[in-house]
>>> print(open('upload05.pdb').read())   # PDB, C-alpha atoms
ATOM      1  CA  MET U 155       7.437 -15.955 -18.327
ATOM      2  CA  LYS U 156       6.826 -17.973 -15.185
ATOM      3  CA  PRO U 157       4.415 -16.476 -12.661
ATOM      4  CA  THR U 158       7.205 -16.412 -10.083
ATOM      5  CA  GLU U 159       9.362 -14.279 -12.357
ATOM      6  CA  ARG U 160       6.715 -11.620 -12.914
ATOM      7  CA  PHE U 161       6.146  -8.536 -10.798
ATOM      8  CA  LYS U 162       4.465  -9.331  -7.502
ATOM      9  CA  ARG U 163       1.425  -7.133  -7.653
ATOM     10  CA  ARG U 164      -0.650  -5.229  -5.161
ATOM     11  CA  TYR U 165      -3.978  -3.598  -5.947
ATOM     12  CA  ILE U 166      -4.933  -0.449  -4.071
ATOM     13  CA  SER U 167      -8.492   0.828  -4.161
ATOM     14  CA  PHE U 168      -8.953   4.563  -3.876
ATOM     15  CA  SER U 169     -11.533   7.278  -3.686
ATOM     16  CA  LEU U 170     -10.960  10.306  -5.906
ATOM     17  CA  SER U 171     -12.576  13.688  -5.557
ATOM     18  CA  LEU U 172     -12.026  16.978  -7.339
ATOM     19  CA  ALA U 173     -13.583  20.063  -5.720
ATOM     20  CA  GLY U 174     -15.706  17.732  -3.611
ATOM     21  CA  LYS U 175     -17.102  15.731  -6.541
ATOM     22  CA  PRO U 176     -15.861  12.632  -8.380
ATOM     23  CA  PRO U 177     -14.321  13.683 -11.706
ATOM     24  CA  ALA U 178     -15.202  12.160 -15.084
ATOM     25  CA  TYR U 179     -13.221   9.177 -16.329
ATOM     26  CA  GLY U 180     -10.974  11.131 -18.724
ATOM     27  CA  GLU U 181     -10.044  13.765 -16.188
ATOM     28  CA  ALA U 182      -9.508  11.189 -13.451
ATOM     29  CA  LYS U 183      -7.226   9.155 -15.695
ATOM     30  CA  GLU U 184      -5.193  12.229 -16.633
ATOM     31  CA  MET U 185      -5.033  13.360 -13.016
ATOM     32  CA  VAL U 186      -3.773  10.015 -11.709
ATOM     33  CA  HIS U 187      -1.303   9.503 -14.555
ATOM     34  CA  VAL U 188       0.168  13.011 -14.424
ATOM     35  CA  HIS U 189       0.440  12.940 -10.638
ATOM     36  CA  PHE U 190       2.170   9.545 -10.548
ATOM     37  CA  LEU U 191       4.458  10.528 -13.411
ATOM     38  CA  SER U 192       5.501  13.764 -11.726
ATOM     39  CA  PHE U 193       6.078  11.934  -8.435
ATOM     40  CA  PHE U 194       7.980   8.874  -9.695
ATOM     41  CA  GLY U 195       9.298   9.925 -13.101
ATOM     42  CA  GLU U 196       9.419   7.661 -16.145
ATOM     43  CA  SER U 197      11.955   5.261 -14.683
ATOM     44  CA  GLY U 198      10.090   5.045 -11.389
ATOM     45  CA  ILE U 199       6.772   4.335 -13.087
ATOM     46  CA  SER U 200       8.330   1.464 -15.051
ATOM     47  CA  SER U 201       9.735  -0.213 -11.929
ATOM     48  CA  LEU U 202       6.537   0.478  -9.999
ATOM     49  CA  ALA U 203       4.500  -1.548 -12.547
ATOM     50  CA  PHE U 204       1.851   1.120 -12.223
ATOM     51  CA  LYS U 205      -1.501   0.821 -13.933
ATOM     52  CA  LEU U 206      -4.891   2.425 -13.432
ATOM     53  CA  VAL U 207      -6.946  -0.765 -13.457
ATOM     54  CA  LYS U 208     -10.422   0.683 -13.199
ATOM     55  CA  TYR U 209     -12.327   3.783 -12.226
ATOM     56  CA  ASP U 210     -16.005   4.377 -11.690
ATOM     57  CA  ALA U 211     -16.883   8.012 -12.421
ATOM     58  CA  GLN U 212     -20.188   7.816 -10.537
ATOM     59  CA  SER U 213     -18.791   6.760  -7.174
ATOM     60  CA  GLY U 214     -15.313   8.223  -7.692
ATOM     61  CA  ARG U 215     -13.785   4.898  -6.712
ATOM     62  CA  GLY U 216     -11.083   3.081  -8.591
ATOM     63  CA  VAL U 217      -8.194   0.648  -8.404
ATOM     64  CA  ILE U 218      -4.522   1.026  -9.221
ATOM     65  CA  ARG U 219      -1.904  -1.690  -9.529
ATOM     66  CA  CYS U 220       1.658  -1.420  -8.252
ATOM     67  CA  GLU U 221       4.634  -3.577  -7.383
ATOM     68  CA  ARG U 222       4.270  -5.300  -3.995
ATOM     69  CA  SER U 223       7.399  -3.952  -2.318
ATOM     70  CA  ARG U 224       6.522  -0.391  -3.346
ATOM     71  CA  ALA U 225       2.923  -0.243  -2.196
ATOM     72  CA  ASP U 226       3.838   2.175   0.589
ATOM     73  CA  GLU U 227       5.429   4.542  -1.897
ATOM     74  CA  ALA U 228       2.336   4.377  -4.089
ATOM     75  CA  ILE U 229       0.093   5.167  -1.116
ATOM     76  CA  PHE U 230       2.357   8.032  -0.081
ATOM     77  CA  CYS U 231       2.201   9.350  -3.640
ATOM     78  CA  MET U 232      -1.602   9.190  -3.565
ATOM     79  CA  ALA U 233      -1.675  11.045  -0.251
ATOM     80  CA  CYS U 234       0.507  13.808  -1.700
ATOM     81  CA  LEU U 235      -2.189  14.902  -4.142
ATOM     82  CA  CYS U 236      -3.940  17.932  -2.676
ATOM     83  CA  ASP U 237      -4.852  20.097  -5.669
ATOM     84  CA  TRP U 238      -5.380  19.788  -9.397
ATOM     85  CA  LYS U 239      -5.510  22.791 -11.762
ATOM     86  CA  GLY U 240      -6.326  25.144  -8.916
ATOM     87  CA  ALA U 241      -9.101  23.039  -7.404
ATOM     88  CA  GLY U 242      -8.833  20.981  -4.241
ATOM     89  CA  ALA U 243      -8.331  17.286  -4.974
ATOM     90  CA  ARG U 244      -8.055  14.197  -2.848
ATOM     91  CA  LEU U 245      -6.849  10.732  -3.808
ATOM     92  CA  ALA U 246      -7.528   8.672  -0.716
ATOM     93  CA  PRO U 247      -6.368   5.055  -0.508
ATOM     94  CA  LEU U 248      -9.053   2.758   0.860
ATOM     95  CA  SER U 249      -7.651  -0.755   0.954
ATOM     96  CA  THR U 250      -4.838  -2.907  -0.368
ATOM     97  CA  SER U 251      -5.034  -6.464  -1.649
ATOM     98  CA  GLY U 252      -3.220  -8.991  -3.780
ATOM     99  CA  THR U 253      -6.314  -9.598  -5.889
ATOM    100  CA  ILE U 254      -8.866  -7.231  -7.392
ATOM    101  CA  LYS U 255     -11.695  -9.448  -6.204
ATOM    102  CA  ARG U 256     -10.879  -9.008  -2.503
ATOM    103  CA  LEU U 257     -10.700  -5.207  -2.551
TER
ATOM    104  CA  MET E  75      -4.190   9.684  16.691
ATOM    105  CA  ASP E  76      -3.074  12.848  15.022
ATOM    106  CA  ILE E  77      -1.870  16.295  16.047
ATOM    107  CA  VAL E  78      -3.467  19.102  14.071
ATOM    108  CA  ARG E  79      -3.398  22.891  13.964
ATOM    109  CA  PHE E  80      -7.148  23.434  13.965
ATOM    110  CA  GLU E  81      -9.880  22.673  16.489
ATOM    111  CA  PRO E  82     -11.489  19.406  15.330
ATOM    112  CA  ASN E  83     -15.248  19.588  14.999
ATOM    113  CA  GLY E  84     -15.923  16.453  16.995
ATOM    114  CA  ARG E  85     -16.943  14.185  14.120
ATOM    115  CA  GLU E  86     -16.525  10.478  14.812
ATOM    116  CA  GLY E  87     -13.381   9.009  13.322
ATOM    117  CA  ALA E  88     -11.029   6.074  13.601
ATOM    118  CA  GLY E  89      -8.519   7.829  15.782
ATOM    119  CA  GLY E  90      -8.232  11.065  17.682
ATOM    120  CA  ALA E  91      -7.139  14.519  16.662
ATOM    121  CA  LEU E  92      -5.273  16.543  19.221
ATOM    122  CA  PRO E  93      -5.018  20.296  18.547
ATOM    123  CA  VAL E  94      -1.514  21.704  18.887
ATOM    124  CA  SER E  95      -2.880  24.555  21.015
ATOM    125  CA  SER E  96      -3.744  22.061  23.761
ATOM    126  CA  LEU E  97      -0.204  20.657  23.983
ATOM    127  CA  PRO E  98       2.089  22.659  26.273
ATOM    128  CA  ASN E  99       5.063  20.469  25.355
ATOM    129  CA  PHE E 100       4.845  21.145  21.612
ATOM    130  CA  PHE E 101       7.541  23.454  20.266
ATOM    131  CA  GLU E 102       8.259  24.754  16.796
ATOM    132  CA  SER E 103      11.496  26.081  15.390
ATOM    133  CA  ALA E 104      12.517  27.283  11.980
ATOM    134  CA  ASP E 105      16.172  26.277  12.153
ATOM    135  CA  ALA E 106      18.740  24.301  14.126
ATOM    136  CA  LYS E 107      19.755  27.318  16.206
ATOM    137  CA  SER E 108      16.285  28.020  17.544
ATOM    138  CA  ALA E 109      15.632  24.286  18.072
ATOM    139  CA  LYS E 110      18.445  24.136  20.615
ATOM    140  CA  GLN E 111      16.538  25.963  23.378
ATOM    141  CA  HIS E 112      13.615  23.482  23.304
ATOM    142  CA  CYS E 113      15.598  20.233  23.358
ATOM    143  CA  ARG E 114      16.127  20.109  27.126
ATOM    144  CA  LYS E 115      12.473  20.541  27.994
ATOM    145  CA  LYS E 116      10.872  17.424  29.385
ATOM    146  CA  SER E 117       8.909  15.305  26.895
ATOM    147  CA  ALA E 118       9.173  18.006  24.267
ATOM    148  CA  LEU E 119       7.579  17.434  20.893
ATOM    149  CA  LEU E 120       9.888  19.347  18.606
ATOM    150  CA  HIS E 121       8.798  20.341  15.122
ATOM    151  CA  ALA E 122      11.714  21.831  13.212
ATOM    152  CA  SER E 123      10.156  23.017   9.966
ATOM    153  CA  GLY E 124      13.556  23.040   8.245
ATOM    154  CA  TYR E 125      14.212  19.468   9.484
ATOM    155  CA  GLU E 126      17.704  20.439  10.578
ATOM    156  CA  ILE E 127      18.582  19.597  14.164
ATOM    157  CA  ASP E 128      22.133  19.274  15.476
ATOM    158  CA  GLU E 129      23.136  15.805  16.660
ATOM    159  CA  GLY E 130      23.989  17.140  20.121
ATOM    160  CA  ASP E 131      20.474  18.527  20.407
ATOM    161  CA  LEU E 132      19.049  15.153  19.394
ATOM    162  CA  ILE E 133      20.937  13.557  22.287
ATOM    163  CA  GLU E 134      19.543  16.213  24.661
ATOM    164  CA  LEU E 135      16.058  15.567  23.306
ATOM    165  CA  ALA E 136      16.451  11.805  23.811
ATOM    166  CA  ARG E 137      17.597  12.352  27.417
ATOM    167  CA  ALA E 138      14.578  14.562  28.106
ATOM    168  CA  GLY E 139      12.227  11.918  26.687
ATOM    169  CA  GLY E 140      11.133  14.095  23.804
ATOM    170  CA  ALA E 141      10.487  13.347  20.175
ATOM    171  CA  VAL E 142      11.000  14.912  16.787
ATOM    172  CA  VAL E 143       7.795  15.654  14.879
ATOM    173  CA  PHE E 144       7.542  14.844  11.170
ATOM    174  CA  ALA E 145       4.581  16.661   9.664
ATOM    175  CA  PHE E 146       2.833  15.549   6.503
ATOM    176  CA  SER E 147       1.508  19.062   5.898
ATOM    177  CA  ASP E 148       5.092  20.238   5.341
ATOM    178  CA  VAL E 149       5.340  17.783   2.438
ATOM    179  CA  LEU E 150       2.011  18.933   1.021
ATOM    180  CA  ALA E 151       3.080  22.567   1.194
ATOM    181  CA  GLU E 152       6.004  22.022  -1.178
ATOM    182  CA  ARG E 153       6.160  21.055  -4.846
ATOM    183  CA  GLY E 154       8.665  19.470  -7.233
ATOM    184  CA  PHE E 155      12.322  19.788  -6.333
ATOM    185  CA  ARG E 156      11.589  21.573  -3.074
ATOM    186  CA  ARG E 157       9.400  18.655  -1.971
ATOM    187  CA  SER E 158      12.088  16.129  -2.863
ATOM    188  CA  ILE E 159      14.711  18.137  -0.945
ATOM    189  CA  LEU E 160      12.401  18.231   2.086
ATOM    190  CA  ILE E 161      11.819  14.458   1.969
ATOM    191  CA  SER E 162      15.554  13.945   1.681
ATOM    192  CA  LYS E 163      16.112  16.141   4.764
ATOM    193  CA  MET E 164      13.468  14.160   6.639
ATOM    194  CA  ARG E 165      15.217  10.890   5.739
ATOM    195  CA  LEU E 166      18.538  12.227   6.994
ATOM    196  CA  LEU E 167      16.934  13.424  10.221
ATOM    197  CA  ILE E 168      15.292  10.035  10.820
ATOM    198  CA  SER E 169      18.585   8.224  10.430
ATOM    199  CA  ALA E 170      20.223  10.756  12.784
ATOM    200  CA  CYS E 171      17.407  10.199  15.314
ATOM    201  CA  ARG E 172      17.898   6.434  15.085
ATOM    202  CA  LYS E 173      21.636   6.804  15.657
ATOM    203  CA  ARG E 174      21.135   9.025  18.706
ATOM    204  CA  GLY E 175      18.207   7.091  20.171
ATOM    205  CA  THR E 176      15.725   9.930  19.775
ATOM    206  CA  SER E 177      12.035   9.158  19.303
ATOM    207  CA  PHE E 178      10.110  10.488  16.347
ATOM    208  CA  VAL E 179       6.436  10.843  15.601
ATOM    209  CA  PHE E 180       4.478  11.177  12.367
ATOM    210  CA  VAL E 181       1.522  13.522  12.343
ATOM    211  CA  THR E 182      -0.260  15.701   9.801
ATOM    212  CA  LEU E 183      -0.249  19.092  11.607
ATOM    213  CA  ALA E 184      -3.119  19.823   9.248
ATOM    214  CA  LYS E 185      -4.424  23.375   9.146
ATOM    215  CA  ASP E 186      -7.873  22.230   8.014
ATOM    216  CA  GLU E 187      -9.753  19.015   7.376
ATOM    217  CA  ALA E 188      -8.712  18.879   3.713
ATOM    218  CA  LEU E 189      -5.122  18.338   4.803
ATOM    219  CA  MET E 190      -5.963  15.544   7.239
ATOM    220  CA  ARG E 191      -4.615  12.142   6.279
ATOM    221  CA  GLY E 192      -5.556   8.641   7.396
ATOM    222  CA  ALA E 193      -3.526   6.220   9.469
ATOM    223  CA  ARG E 194      -2.577   4.136   6.425
ATOM    224  CA  GLU E 195      -1.252   7.217   4.678
ATOM    225  CA  LEU E 196       0.810   8.247   7.691
ATOM    226  CA  SER E 197       2.129   4.704   7.879
ATOM    227  CA  ALA E 198       3.179   4.932   4.228
ATOM    228  CA  PHE E 199       4.753   8.330   4.944
ATOM    229  CA  ALA E 200       6.795   6.735   7.735
ATOM    230  CA  ALA E 201       7.808   3.830   5.494
ATOM    231  CA  VAL E 202       8.930   6.149   2.704
ATOM    232  CA  LEU E 203      11.059   8.095   5.169
ATOM    233  CA  GLY E 204      12.748   4.852   6.228
ATOM    234  CA  ALA E 205      10.970   3.888   9.449
ATOM    235  CA  THR E 206      10.940   0.119   9.938
ATOM    236  CA  ASP E 207       7.912  -2.035  10.763
ATOM    237  CA  VAL E 208       9.088  -2.370  14.359
ATOM    238  CA  GLU E 209       9.367   1.393  14.710
ATOM    239  CA  ARG E 210       5.900   1.808  13.291
ATOM    240  CA  LYS E 211       4.485  -0.867  15.596
ATOM    241  CA  ASP E 212       5.858   0.966  18.611
ATOM    242  CA  ALA E 213       3.152   3.472  17.819
ATOM    243  CA  GLU E 214       0.430   4.362  20.244
ATOM    244  CA  LYS E 215       2.280   3.557  23.470
ATOM    245  CA  ARG E 216       5.020   6.063  22.693
ATOM    246  CA  LEU E 217       2.672   8.787  21.558
ATOM    247  CA  LEU E 218       0.425   8.349  24.573
ATOM    248  CA  SER E 219       3.374   8.717  26.907
ATOM    249  CA  ILE E 220       4.673  11.802  25.114
ATOM    250  CA  THR E 221       1.305  13.550  24.980
ATOM    251  CA  GLY E 222       0.829  12.953  28.689
ATOM    252  CA  GLY E 223      -1.184   9.706  28.918
ATOM    253  CA  SER E 224       0.095   6.335  30.015
ATOM    254  CA  ALA E 225      -0.747   3.102  28.240
ATOM    255  CA  LYS E 226       0.012   1.069  31.379
ATOM    256  CA  ALA E 227      -2.027   3.165  33.758
ATOM    257  CA  GLY E 228      -4.903   3.415  31.328
ATOM    258  CA  LYS E 229      -5.103   7.182  31.634
ATOM    259  CA  PRO E 230      -6.526   9.188  28.764
ATOM    260  CA  ALA E 231      -3.992  11.036  26.687
ATOM    261  CA  GLY E 232      -3.588  14.557  27.914
ATOM    262  CA  PRO E 233      -2.743  17.313  28.738
ATOM    263  CA  GLY E 234      -4.716  18.118  25.628
ATOM    264  CA  LYS E 235      -8.246  16.811  25.362
ATOM    265  CA  MET E 236      -8.745  13.889  22.977
ATOM    266  CA  LEU E 237     -11.160  14.637  20.207
ATOM    267  CA  PRO E 238     -12.369  12.361  17.424
ATOM    268  CA  ALA E 239     -10.592  12.717  14.105
ATOM    269  CA  GLY E 240     -12.260  14.260  11.110
ATOM    270  CA  GLY E 241     -11.088  11.731   8.546
ATOM    271  CA  GLN E 242     -12.792   8.456   7.738
ATOM    272  CA  LEU E 243     -10.063   7.380   5.384
ATOM    273  CA  VAL E 244      -8.758   4.411   7.271
ATOM    274  CA  GLY E 245      -8.862   1.272   5.188
ATOM    275  CA  ALA E 246      -8.284  -2.355   6.003
ATOM    276  CA  PRO E 247      -4.525  -2.129   6.653
ATOM    277  CA  ALA E 248      -5.092   0.692   9.121
ATOM    278  CA  SER E 249      -7.621  -1.390  10.998
ATOM    279  CA  ALA E 250      -4.935  -4.034  11.308
ATOM    280  CA  LEU E 251      -2.736  -1.379  12.878
ATOM    281  CA  LEU E 252      -5.539  -0.485  15.272
ATOM    282  CA  ALA E 253      -6.252  -4.083  16.181
ATOM    283  CA  LEU E 254      -3.369  -4.351  18.600
ATOM    284  CA  PRO E 255      -3.992  -6.437  21.729
ATOM    285  CA  ARG E 256      -4.835  -4.444  24.823
ATOM    286  CA  LYS E 257      -5.857  -5.187  28.384
ATOM    287  CA  PRO E 258      -9.241  -4.138  29.769
ATOM    288  CA  GLY E 259      -9.042  -0.628  31.138
ATOM    289  CA  ASN E 260      -6.281   0.452  28.811
ATOM    290  CA  PRO E 261      -7.021   3.306  26.412
ATOM    291  CA  PRO E 262      -7.989   2.423  22.852
ATOM    292  CA  PRO E 263      -5.014   2.113  20.521
ATOM    293  CA  SER E 264      -4.279   5.019  18.277
ATOM    294  CA  ALA E 265      -3.176   4.833  14.686
ATOM    295  CA  GLU E 266      -0.343   7.278  15.049
ATOM    296  CA  MET E 267       3.077   6.048  14.165
ATOM    297  CA  VAL E 268       5.847   6.697  16.620
ATOM    298  CA  GLY E 269       9.286   5.237  16.371
ATOM    299  CA  LYS E 270      12.390   5.280  18.395
TER
END
>>> encode(input="upload05.pdb", output="structure tokens")
Amino acid sequence: MKPTERFKRRYISFSLSLAGKPPAYGEAKEMVHVHFLSFFGESGISSLAFKLVKYDAQSGRGVIRCERSRADEAIFCMACLCDWKGAGARLAPLSTSGTIKRL
Amino acid sequence: MDIVRFEPNGREGAGGALPVSSLPNFFESADAKSAKQHCRKKSALLHASGYEIDEGDLIELARAGGAVVFAFSDVLAERGFRRSILISKMRLLISACRKRGTSFVFVTLAKDEALMRGARELSAFAAVLGATDVERKDAEKRLLSITGGSAKAGKPAGPGKMLPAGGQLVGAPASALLALPRKPGNPPPSAEMVGK
């Protein structure tokens, strides 16, 4: 497939905290995936081209990928996370870029 | 800038947090019927928690120079289908406001610091509800005028006192929003999104 025919991507860096601390990789991955899936649904996730690109459990920082025209929706979805399994959670977007390197 | 329900603790932030208690022109109503009585008040900031306001009342509100408040904390308070219904109501109200020429503002109305959101997140909230880039760029000037300040005169926003926001969650795109040109003597731009 030509590069012009692919999804135009945006990378959004975020800071994740669960009860004031950064969660472990497995829990963070589950948290992000379940939250995005409940927000967008299966069809929405497929058109969003969503992917958790990386996550550092020590700093609580990570990067997600989404489709360019729907970056606002992805950020809104991240902002909507306020609790996870009874504990306070926060998924705060930090910056947006077209490349991972520039985040 | 943001309007919140608690007294901010004065921590340095990117914008300002204005407590609702310091705004005499802020009104809340649960339904369309109770919203009616506040629409004629000058420069009223009307928060209808059910997001149902009659079109006639929107015209009255536009004439009085007021604005409809869209609160992010209302979205956070709901879950699942109820949240989607609320967002749908907000979208309908925004399109009604646009049709009737009524201003609208996007704030958090956070009850505590955990519910505070950054400028980029409020911008995304506005975009999801259907506000255009132009409406979002109209931002700080409109909010300053509604909360009592004047961008032209360079007065600080009042009648409520301006306090620094608690959040430090403003990323690069938000700084772009803040980096609007301004003349010397004018107040610093706020990151609040206000549309008309």
>>> closest_atom_pairs(input="upload05.pdb", of="chain U", to="chain E", cutoff="10 Å", atoms="all atoms listed in the file", output="Markdown table")
| residue | atom | partner | partner_atom | distance |
| --- | --- | --- | --- | --- |
| U:Ser167 | CA | E:Gly245 | CA | 9.4 |
| U:Phe168 | CA | E:Gly245 | CA | 9.6 |
| U:Ser169 | CA | E:Leu243 | CA | 9.2 |
| U:Ser192 | CA | E:Gly154 | CA | 7.9 |
| U:Phe193 | CA | E:Gly154 | CA | 8.1 |
| U:Arg224 | CA | E:Val202 | CA | 9.2 |
| U:Ala225 | CA | E:Ala198 | CA | 8.3 |
| U:Asp226 | CA | E:Ala198 | CA | 4.6 |
| U:Glu227 | CA | E:Val202 | CA | 6.0 |
| U:Ala228 | CA | E:Ala198 | CA | 8.4 |
| U:Ile229 | CA | E:Ala198 | CA | 6.2 |
| U:Phe230 | CA | E:Ala198 | CA | 5.4 |
| U:Cys231 | CA | E:Phe199 | CA | 9.0 |
| U:Met232 | CA | E:Glu195 | CA | 8.5 |
| U:Ala233 | CA | E:Glu195 | CA | 6.3 |
| U:Cys234 | CA | E:Leu150 | CA | 6.0 |
| U:Leu235 | CA | E:Leu150 | CA | 7.8 |
| U:Cys236 | CA | E:Leu150 | CA | 7.1 |
| U:Asp237 | CA | E:Leu150 | CA | 9.7 |
| U:Gly242 | CA | E:Ala188 | CA | 8.2 |
| U:Ala243 | CA | E:Ala188 | CA | 8.8 |
| U:Arg244 | CA | E:Ala188 | CA | 8.1 |
| U:Ala246 | CA | E:Leu243 | CA | 6.7 |
| U:Pro247 | CA | E:Gly245 | CA | 7.3 |
| U:Leu248 | CA | E:Gly245 | CA | 4.6 |
| U:Ser249 | CA | E:Gly245 | CA | 4.8 |
| U:Thr250 | CA | E:Pro247 | CA | 7.1 |
| U:Ser251 | CA | E:Ala246 | CA | 9.3 |
| U:Leu257 | CA | E:Ala246 | CA | 9.3 |
>>> residues_around(input="upload05.pdb", residues="range 108-124 of chain E", least_positions_apart="2", cutoff="10 Å", atoms="only C-alpha atoms", output="ChimeraX atom specification")
/E:97-106,126-128,130-145,148,160,163-164,177-179,183,217,219-222
>>> resolve_selection(input="upload05.pdb", expression="the PyMOL selection byres ((chain U and resi 211) around 10)", output="list in words")
Leu170, Ser171, Lys175, Pro176, Pro177, Ala178, Tyr179, Gly180, Glu181, Ala182, Lys208, Tyr209, Asp210, Gln212, Ser213, Gly214, Arg215 and Gly216 of chain U
>>> atom_distance(input="upload05.pdb", atom1="CA of Ser223 in chain U", atom2="CA of Lys255 in chain U")
20.2 Å
>>> atom_distance(input="upload05.pdb", atom1="CA of Ala91 in chain E", atom2="CA of Lys185 in chain E")
11.9 Å
>>> atom_distance(input="upload05.pdb", atom1="CA of Phe161 in chain U", atom2="CA of Ala203 in chain U")
7.4 Å
>>> resolve_selection(input="upload05.pdb", expression="the PyMOL selection byres ((chain U and resi 165) around 8)", output="JSON, numbers by chain")
{"U": [163, 164, 166, 167, 217, 218, 219, 220, 250, 251, 252, 253, 254, 257]}
>>> closest_residue(input="upload05.pdb", among="U:Gly174, U:Phe190, U:Glu184, U:Leu202", to="Arg222 in chain U", atoms="all atoms listed in the file")
U:Leu202
